[in-house]
file run.txt (compact mmCIF, C-alpha atoms and all ligand atoms)
# COMPACT_ATOMS: atom_id res chain seq x y z
CA MET A 13 -34.27 -14.54 63.81
CA GLY A 14 -32.16 -15.60 66.79
CA ARG A 15 -29.45 -13.21 65.74
CA LEU A 16 -31.87 -10.29 65.75
CA VAL A 17 -32.63 -10.81 69.43
CA LEU A 18 -28.99 -10.64 70.46
CA PRO A 19 -28.62 -6.84 70.58
CA PHE A 20 -31.44 -6.54 73.09
CA THR A 21 -29.93 -9.25 75.21
CA LEU A 22 -26.85 -7.04 75.19
CA GLY A 23 -28.92 -3.92 75.81
CA VAL A 24 -30.75 -5.46 78.74
CA LEU A 25 -27.47 -6.71 80.18
CA VAL A 26 -25.82 -3.30 79.89
CA VAL A 27 -28.72 -1.33 81.38
CA GLY A 28 -29.26 -4.04 83.98
CA LEU A 29 -25.68 -3.74 85.16
CA LEU A 30 -25.73 0.05 85.24
CA GLY A 31 -29.15 0.12 86.90
CA GLY A 32 -28.24 -2.38 89.61
CA GLY A 33 -29.56 -5.47 87.84
CA GLY A 34 -33.22 -4.47 87.51
CA PRO A 35 -35.10 -6.23 84.71
CA LEU A 36 -36.31 -4.32 81.67
CA ASN A 37 -39.30 -6.60 81.05
CA GLY A 38 -37.64 -7.62 77.79
CA ALA A 39 -38.53 -4.25 76.25
CA GLY A 40 -36.31 -3.30 73.33
CA PRO A 41 -36.02 0.12 71.70
CA LEU A 42 -39.24 1.91 70.70
CA VAL A 43 -39.47 2.46 66.96
CA VAL A 44 -42.09 4.57 65.20
CA LEU A 45 -42.87 3.42 61.67
CA ASP A 46 -44.40 6.18 59.58
CA PRO A 47 -45.87 5.04 56.25
CA GLY A 48 -46.38 8.19 54.21
CA HIS A 49 -49.45 9.92 52.80
CA ALA A 50 -53.16 8.92 53.07
CA VAL A 51 -54.39 12.12 54.71
CA LYS A 52 -57.92 13.51 54.52
CA ASN A 53 -59.41 16.66 55.99
CA ARG A 54 -62.54 16.60 58.18
CA ARG A 55 -64.77 17.07 55.14
CA GLY A 56 -63.31 13.93 53.58
CA GLY A 57 -61.20 15.69 50.97
CA ILE A 58 -57.82 14.07 50.29
CA VAL A 59 -55.02 16.43 51.29
CA ASN A 60 -52.15 13.95 50.80
CA SER A 61 -52.78 11.16 48.31
CA GLY A 62 -49.21 10.03 47.59
CA GLN A 63 -48.07 8.87 44.17
CA LYS A 64 -49.70 6.34 41.86
CA SER A 65 -47.81 4.14 39.42
CA PRO A 66 -48.75 4.31 35.71
CA GLN A 67 -50.39 0.89 36.22
CA GLY A 68 -52.47 2.16 39.15
CA LEU A 69 -50.52 1.03 42.23
CA TRP A 70 -50.81 3.54 45.08
CA GLU A 71 -47.79 4.39 47.20
CA ARG A 72 -50.07 4.77 50.24
CA ASP A 73 -51.12 1.10 49.92
CA VAL A 74 -47.60 -0.24 49.43
CA VAL A 75 -45.99 1.64 52.30
CA VAL A 76 -48.65 0.66 54.84
CA ARG A 77 -48.12 -3.03 53.93
CA ILE A 78 -44.37 -2.62 54.40
CA ALA A 79 -44.90 -0.86 57.74
CA GLU A 80 -47.12 -3.68 59.02
CA LYS A 81 -44.63 -6.35 57.97
CA THR A 82 -41.80 -4.39 59.55
CA GLU A 83 -43.86 -3.99 62.72
CA GLN A 84 -44.36 -7.76 62.91
CA TYR A 85 -40.66 -8.59 62.46
CA LEU A 86 -39.55 -5.87 64.87
CA GLU A 87 -41.92 -7.14 67.56
CA GLU A 88 -40.66 -10.68 67.03
CA ALA A 89 -37.15 -9.34 67.60
CA GLY A 90 -38.14 -7.69 70.90
CA TYR A 91 -38.78 -4.11 69.81
CA GLN A 92 -41.68 -1.90 70.83
CA VAL A 93 -43.35 -0.50 67.72
CA ARG A 94 -45.92 2.19 66.94
CA LEU A 95 -47.37 2.98 63.53
CA THR A 96 -48.64 6.41 62.50
CA ARG A 97 -51.30 4.62 60.44
CA ASN A 98 -52.14 1.04 59.47
CA GLN A 99 -54.66 -0.78 57.27
CA GLN A 100 -57.42 -0.48 59.90
CA GLN A 101 -56.76 3.23 60.45
CA PHE A 102 -55.66 3.86 56.91
CA TRP A 103 -56.47 7.57 56.56
CA ARG A 104 -55.06 10.20 58.85
CA ILE A 105 -57.13 13.32 59.50
CA ALA A 106 -55.50 16.75 59.23
CA ARG A 107 -56.15 20.21 57.81
CA GLY A 108 -53.29 19.84 55.37
CA ARG A 109 -49.97 18.19 54.56
CA ARG A 110 -47.86 20.40 56.80
CA SER A 111 -50.03 20.08 59.88
CA ASP A 112 -50.10 16.31 59.33
CA LEU A 113 -46.29 16.11 59.03
CA ARG A 114 -46.03 18.17 62.21
CA ALA A 115 -48.50 15.86 63.98
CA ARG A 116 -46.48 12.77 62.99
CA VAL A 117 -43.34 14.32 64.49
CA GLU A 118 -45.21 15.30 67.66
CA GLU A 119 -46.55 11.75 68.04
CA ALA A 120 -43.01 10.35 67.92
CA ASN A 121 -41.74 13.00 70.34
CA GLN A 122 -44.54 12.30 72.83
CA LEU A 123 -43.79 8.59 72.69
CA LYS A 124 -40.11 9.37 73.29
CA ALA A 125 -39.32 6.94 70.49
CA ASP A 126 -35.74 5.79 69.97
CA ALA A 127 -35.98 6.04 66.18
CA VAL A 128 -38.43 6.99 63.44
CA VAL A 129 -38.52 5.31 60.03
CA LYS A 130 -40.65 7.06 57.41
CA ILE A 131 -41.56 4.76 54.52
CA HIS A 132 -42.16 5.97 50.96
CA CYS A 133 -41.99 4.93 47.30
CA ASP A 134 -40.14 7.03 44.76
CA TRP A 135 -41.27 8.47 41.44
CA HIS A 136 -39.30 9.66 38.38
CA ARG A 137 -40.09 10.83 34.85
CA ASN A 138 -37.50 8.39 33.54
CA PRO A 139 -38.85 4.83 33.91
CA ARG A 140 -35.33 3.42 33.93
CA VAL A 141 -34.45 5.11 37.22
CA ALA A 142 -34.48 2.44 39.95
CA GLY A 143 -33.27 1.53 43.41
CA CYS A 144 -33.71 2.44 47.05
CA ALA A 145 -32.40 5.51 48.83
CA THR A 146 -32.43 6.85 52.39
CA TYR A 147 -32.79 10.46 53.55
CA TYR A 148 -32.06 12.20 56.83
CA THR A 149 -32.00 15.78 58.10
CA ALA A 150 -30.19 16.01 61.44
CA ARG A 151 -26.53 15.02 61.58
CA SER A 152 -27.44 12.74 64.49
CA SER A 153 -29.58 10.64 62.11
CA ARG A 154 -26.80 10.00 59.61
CA ARG A 155 -25.47 6.78 61.09
CA LEU A 156 -28.98 5.31 61.23
CA ALA A 157 -29.54 6.34 57.60
CA ARG A 158 -26.29 4.71 56.43
CA THR A 159 -26.90 1.52 58.37
CA VAL A 160 -30.47 1.03 57.16
CA GLN A 161 -29.61 1.93 53.57
CA ARG A 162 -26.79 -0.63 53.46
CA SER A 163 -29.10 -3.26 54.88
CA LEU A 164 -31.96 -2.38 52.48
CA VAL A 165 -29.73 -2.73 49.44
CA GLN A 166 -28.40 -6.04 50.71
CA ALA A 167 -31.86 -7.41 51.51
CA THR A 168 -33.56 -6.32 48.27
CA GLY A 169 -30.71 -6.60 45.77
CA ARG A 170 -31.88 -3.32 44.21
CA PRO A 171 -29.53 -0.55 42.99
CA ASP A 172 -28.05 1.62 45.74
CA GLY A 173 -29.54 5.12 45.42
CA GLY A 174 -27.39 6.28 48.33
CA VAL A 175 -27.87 8.28 51.52
CA HIS A 176 -28.82 11.95 51.22
CA ARG A 177 -29.31 14.87 53.54
CA THR A 178 -32.58 16.74 53.01
CA ARG A 179 -34.81 19.28 54.77
CA LEU A 180 -38.10 17.62 53.89
CA LEU A 181 -38.67 15.16 56.73
CA GLY A 182 -41.20 17.20 58.70
CA VAL A 183 -41.70 20.37 60.68
CA PRO A 184 -40.40 20.73 63.35
CA GLN A 185 -37.64 18.15 63.71
CA ALA A 186 -38.22 14.96 65.64
CA ALA A 187 -36.14 14.67 68.79
CA MET A 188 -34.81 11.21 67.88
CA PRO A 189 -32.88 9.79 64.91
CA THR A 190 -35.28 9.99 61.97
CA ILE A 191 -34.86 8.65 58.47
CA LEU A 192 -36.96 8.39 55.34
CA VAL A 193 -36.57 5.31 53.15
CA GLU A 194 -37.60 5.37 49.50
CA VAL A 195 -37.99 1.65 48.90
CA GLY A 196 -38.29 1.66 45.10
CA TYR A 197 -39.67 3.49 42.06
CA LEU A 198 -43.34 3.24 41.16
CA THR A 199 -42.33 4.53 37.73
CA ASN A 200 -39.86 1.71 37.07
CA PRO A 201 -41.83 -1.22 35.59
CA GLU A 202 -39.64 -3.87 37.23
CA GLU A 203 -39.81 -2.25 40.67
CA GLU A 204 -43.53 -1.57 40.27
CA ARG A 205 -44.04 -5.32 39.79
CA LEU A 206 -41.83 -6.05 42.78
CA LEU A 207 -43.76 -3.61 44.96
CA ARG A 208 -46.90 -5.70 44.32
CA ASP A 209 -45.07 -8.85 45.45
CA GLU A 210 -45.44 -9.88 49.11
CA THR A 211 -42.06 -11.61 49.05
CA PHE A 212 -40.36 -8.42 47.97
CA LEU A 213 -42.17 -6.39 50.63
CA ASP A 214 -40.92 -8.96 53.15
CA LYS A 215 -37.37 -8.40 51.93
CA ILE A 216 -37.75 -4.66 52.45
CA ALA A 217 -39.17 -5.19 55.95
CA HIS A 218 -36.33 -7.53 56.87
CA GLY A 219 -33.84 -5.02 55.48
CA VAL A 220 -35.22 -2.28 57.72
CA VAL A 221 -35.28 -4.58 60.77
CA HIS A 222 -31.73 -5.77 60.19
CA GLY A 223 -30.50 -2.19 59.72
CA LEU A 224 -32.19 -1.01 62.93
CA THR A 225 -30.76 -3.96 64.82
CA GLU A 226 -27.25 -3.26 63.59
CA TYR A 227 -27.74 0.40 64.53
CA PHE A 228 -28.93 -0.26 68.09
CA GLN A 229 -26.35 -2.99 68.56
CA SER A 230 -23.47 -0.63 67.80
CA SER A 231 -25.18 2.12 69.86
CA ALA A 232 -25.31 -0.28 72.82
CA SER A 233 -21.67 -1.33 72.56
CA GLY A 234 -20.61 2.32 72.07
CA GLY A 235 -22.55 3.25 75.19
CA THR A 236 -20.89 0.49 77.19
CA ALA A 237 -17.40 1.57 76.20
CA LYS A 238 -18.14 5.18 77.13
CA LYS A 239 -19.66 4.34 80.50
CA GLY A 240 -16.79 1.97 81.27
CA ALA A 241 -14.24 4.69 80.55
CA GLU A 242 -15.85 7.17 82.94
CA PRO A 243 -14.28 7.50 86.41
CA LEU A 244 -16.63 6.45 89.20
ZN ZN A 301 -44.09 9.52 49.45
call {"tool": "encode", "arguments": {"input": "run.txt", "output": "structure tokens"}}
result
Amino acid sequence: MGRLVLPFTLGVLVVGLLGGGGPLNGAGPLVVLDPGHAVKNRRGGIVNSGQKSPQGLWERDVVVRIAEKTEQYLEEAGYQVRLTRNQQQFWRIARGRRSDLRARVEEANQLKADAVVKIHCDWHRNPRVAGCATYYTARSSRRLARTVQRSLVQATGRPDGGVHRTRLLGVPQAAMPTILVEVGYLTNPEEERLLRDETFLDKIAHGVVHGLTEYFQSSASGGTAKKGAEPL
């Protein structure tokens, strides 16, 4: 845990120096966690249910648990965190999938978040397909995607499904680095069991936190080098 705090000590130091030593109130980067699905319209009809495993485990339940665990560990490490939904406000209200995806992006943009992590579970016809994968759309999100994917694979020990560019993250694009993590396959019996296991969900959450921390740490040191090289 102590190691996770280090980057923000660095971040505060860097900004403090550049800003004339003013404190940052210990506020780390603002991260939006976006567990997928669970959308109803105003009449109560489900417009985005998410996937269900053959044994009856809903993606929308798994991803909200992961988001809440990730929120807890991020806050302990000094981050500011917002969730697009949680267990108390489980269902989002929207006319349809697209308007909901757009609303999620707008929420992150209004918050001026530093990063968005969308959390999903995967599904495949072939029950042997397994592992976690990370998706991004904008080129500027690629480094975040690679860093979090590496960390997820390390933390979970699951097969590396790789990092992929896609156009499906939402309309329009979020203004900040945005990634989508597929944390495992509901259709793979072994991963389905793991996704019911609190310890495994903790591993996923720690993987995301560690990846974000590595990302912001190298962003901070990159920023320092650049500022230092600029003529006054
Ligand atoms: Zn999904």
call {"tool": "residues_near_ligand", "arguments": {"input": "run.txt", "ligand": "ligand ZN 301 (chain A)", "cutoff": "8 Å", "atoms": "all atoms listed in the file", "output": "VMD selection string"}}
result
chain A and resid 48 to 49 62 to 63 71 to 72 131 to 134 194
call {"tool": "closest_residue", "arguments": {"input": "run.txt", "among": "A:Lys124, A:Arg116, A:Arg151, A:Arg97", "to": "A:Arg77", "atoms": "all atoms listed in the file"}}
result
A:Arg97
call {"tool": "atom_distance", "arguments": {"input": "run.txt", "atom1": "atom CA of A:Ala79", "atom2": "atom CA of A:Arg140"}}
result
26.0 Å
call {"tool": "residues_around", "arguments": {"input": "run.txt", "residues": "A:Ala157", "least_positions_apart": "5", "cutoff": "7 Å", "atoms": "only C-alpha atoms", "output": "number ranges by chain"}}
result
A: 146-148, 175, 191
call {"tool": "closest_residue", "arguments": {"input": "run.txt", "among": "A:Tyr227, A:Tyr91, A:Trp103, A:Trp135", "to": "A:Gly56", "atoms": "all atoms listed in the file"}}
result
A:Trp103
call {"tool": "atom_distance", "arguments": {"input": "run.txt", "atom1": "atom CA of A:Leu198", "atom2": "atom CA of A:Val160"}}
result
20.7 Å
call {"tool": "closest_residue", "arguments": {"input": "run.txt", "among": "A:Arg155, A:Lys52, A:Arg170, A:His222", "to": "A:Phe102", "atoms": "all atoms listed in the file"}}
result
A:Lys52
call {"tool": "closest_residue", "arguments": {"input": "run.txt", "among": "A:Gln100, A:Gly173, A:Tyr85, A:Val93", "to": "A:Val220", "atoms": "only C-alpha atoms"}}
result
A:Tyr85
call {"tool": "residues_around", "arguments": {"input": "run.txt", "residues": "A:Glu83", "least_positions_apart": "2", "cutoff": "8 Å", "atoms": "only C-alpha atoms", "output": "list in words"}}
result
Leu45, Ala79, Glu80, Lys81, Tyr85, Leu86, Glu87, Val93, Arg94 and Leu95 of chain A
call {"tool": "closest_residue", "arguments": {"input": "run.txt", "among": "A:Ser65, A:Asn53, A:Asn60, A:Ser163", "to": "A:Arg205", "atoms": "all atoms listed in the file"}}
result
A:Ser65
call {"tool": "atom_distance", "arguments": {"input": "run.txt", "atom1": "atom CA of A:Arg162", "atom2": "atom CA of A:Asp73"}}
result
24.6 Å
call {"tool": "axis_aligned_box", "arguments": {"input": "run.txt", "around": "stretch 187-198 of chain A", "padding_each_side": "3 Å", "output": "lines of an AutoDock Vina configuration file"}}
result
center_x = -38.1
center_y = 8.2
center_z = 55.0
size_x = 16.5
size_y = 19.0
size_z = 33.6
call {"tool": "residues_around", "arguments": {"input": "run.txt", "residues": "A:Val44", "least_positions_apart": "5", "cutoff": "9 Å", "atoms": "all atoms listed in the file", "output": "compact mmCIF listing (two decimals) with C-alpha atoms, in the coordinates of the input"}}
result
# COMPACT_ATOMS: atom_id res chain seq x y z
CA GLN A 92 -41.68 -1.90 70.83
CA VAL A 93 -43.35 -0.50 67.72
CA ARG A 94 -45.92 2.19 66.94
CA LEU A 95 -47.37 2.98 63.53
CA THR A 96 -48.64 6.41 62.50
CA GLU A 119 -46.55 11.75 68.04
CA ALA A 120 -43.01 10.35 67.92
CA LEU A 123 -43.79 8.59 72.69
CA ALA A 125 -39.32 6.94 70.49
CA ASP A 126 -35.74 5.79 69.97
CA ALA A 127 -35.98 6.04 66.18
CA VAL A 128 -38.43 6.99 63.44
CA VAL A 129 -38.52 5.31 60.03
CA LYS A 130 -40.65 7.06 57.41
call {"tool": "residues_around", "arguments": {"input": "run.txt", "residues": "A:Asp209", "least_positions_apart": "5", "cutoff": "12 Å", "atoms": "all atoms listed in the file", "output": "short mmCIF file (atom, residue, chain, number, x, y, z; two decimals) with C-alpha atoms, in the coordinates of the input"}}
result
data_model
loop_
_atom_site.label_atom_id
_atom_site.label_comp_id
_atom_site.auth_asym_id
_atom_site.auth_seq_id
_atom_site.Cartn_x
_atom_site.Cartn_y
_atom_site.Cartn_z
CA LEU A 69 -50.52 1.03 42.23
CA VAL A 74 -47.60 -0.24 49.43
CA ARG A 77 -48.12 -3.03 53.93
CA ILE A 78 -44.37 -2.62 54.40
CA GLU A 202 -39.64 -3.87 37.23
CA GLU A 203 -39.81 -2.25 40.67
CA GLU A 204 -43.53 -1.57 40.27
CA ASP A 214 -40.92 -8.96 53.15
CA LYS A 215 -37.37 -8.40 51.93
CA ILE A 216 -37.75 -4.66 52.45
#
call {"tool": "closest_residue", "arguments": {"input": "run.txt", "among": "A:Ile105, A:Ala150, A:Ala39, A:Ala142", "to": "A:Val51", "atoms": "only C-alpha atoms"}}
result
A:Ile105
call {"tool": "residues_around", "arguments": {"input": "run.txt", "residues": "A:Leu206", "least_positions_apart": "6", "cutoff": "10 Å", "atoms": "all atoms listed in the file", "output": "list in words"}}
result
Thr168, Gly196, Tyr197, Leu198, Asn200, Phe212 and Leu213 of chain A
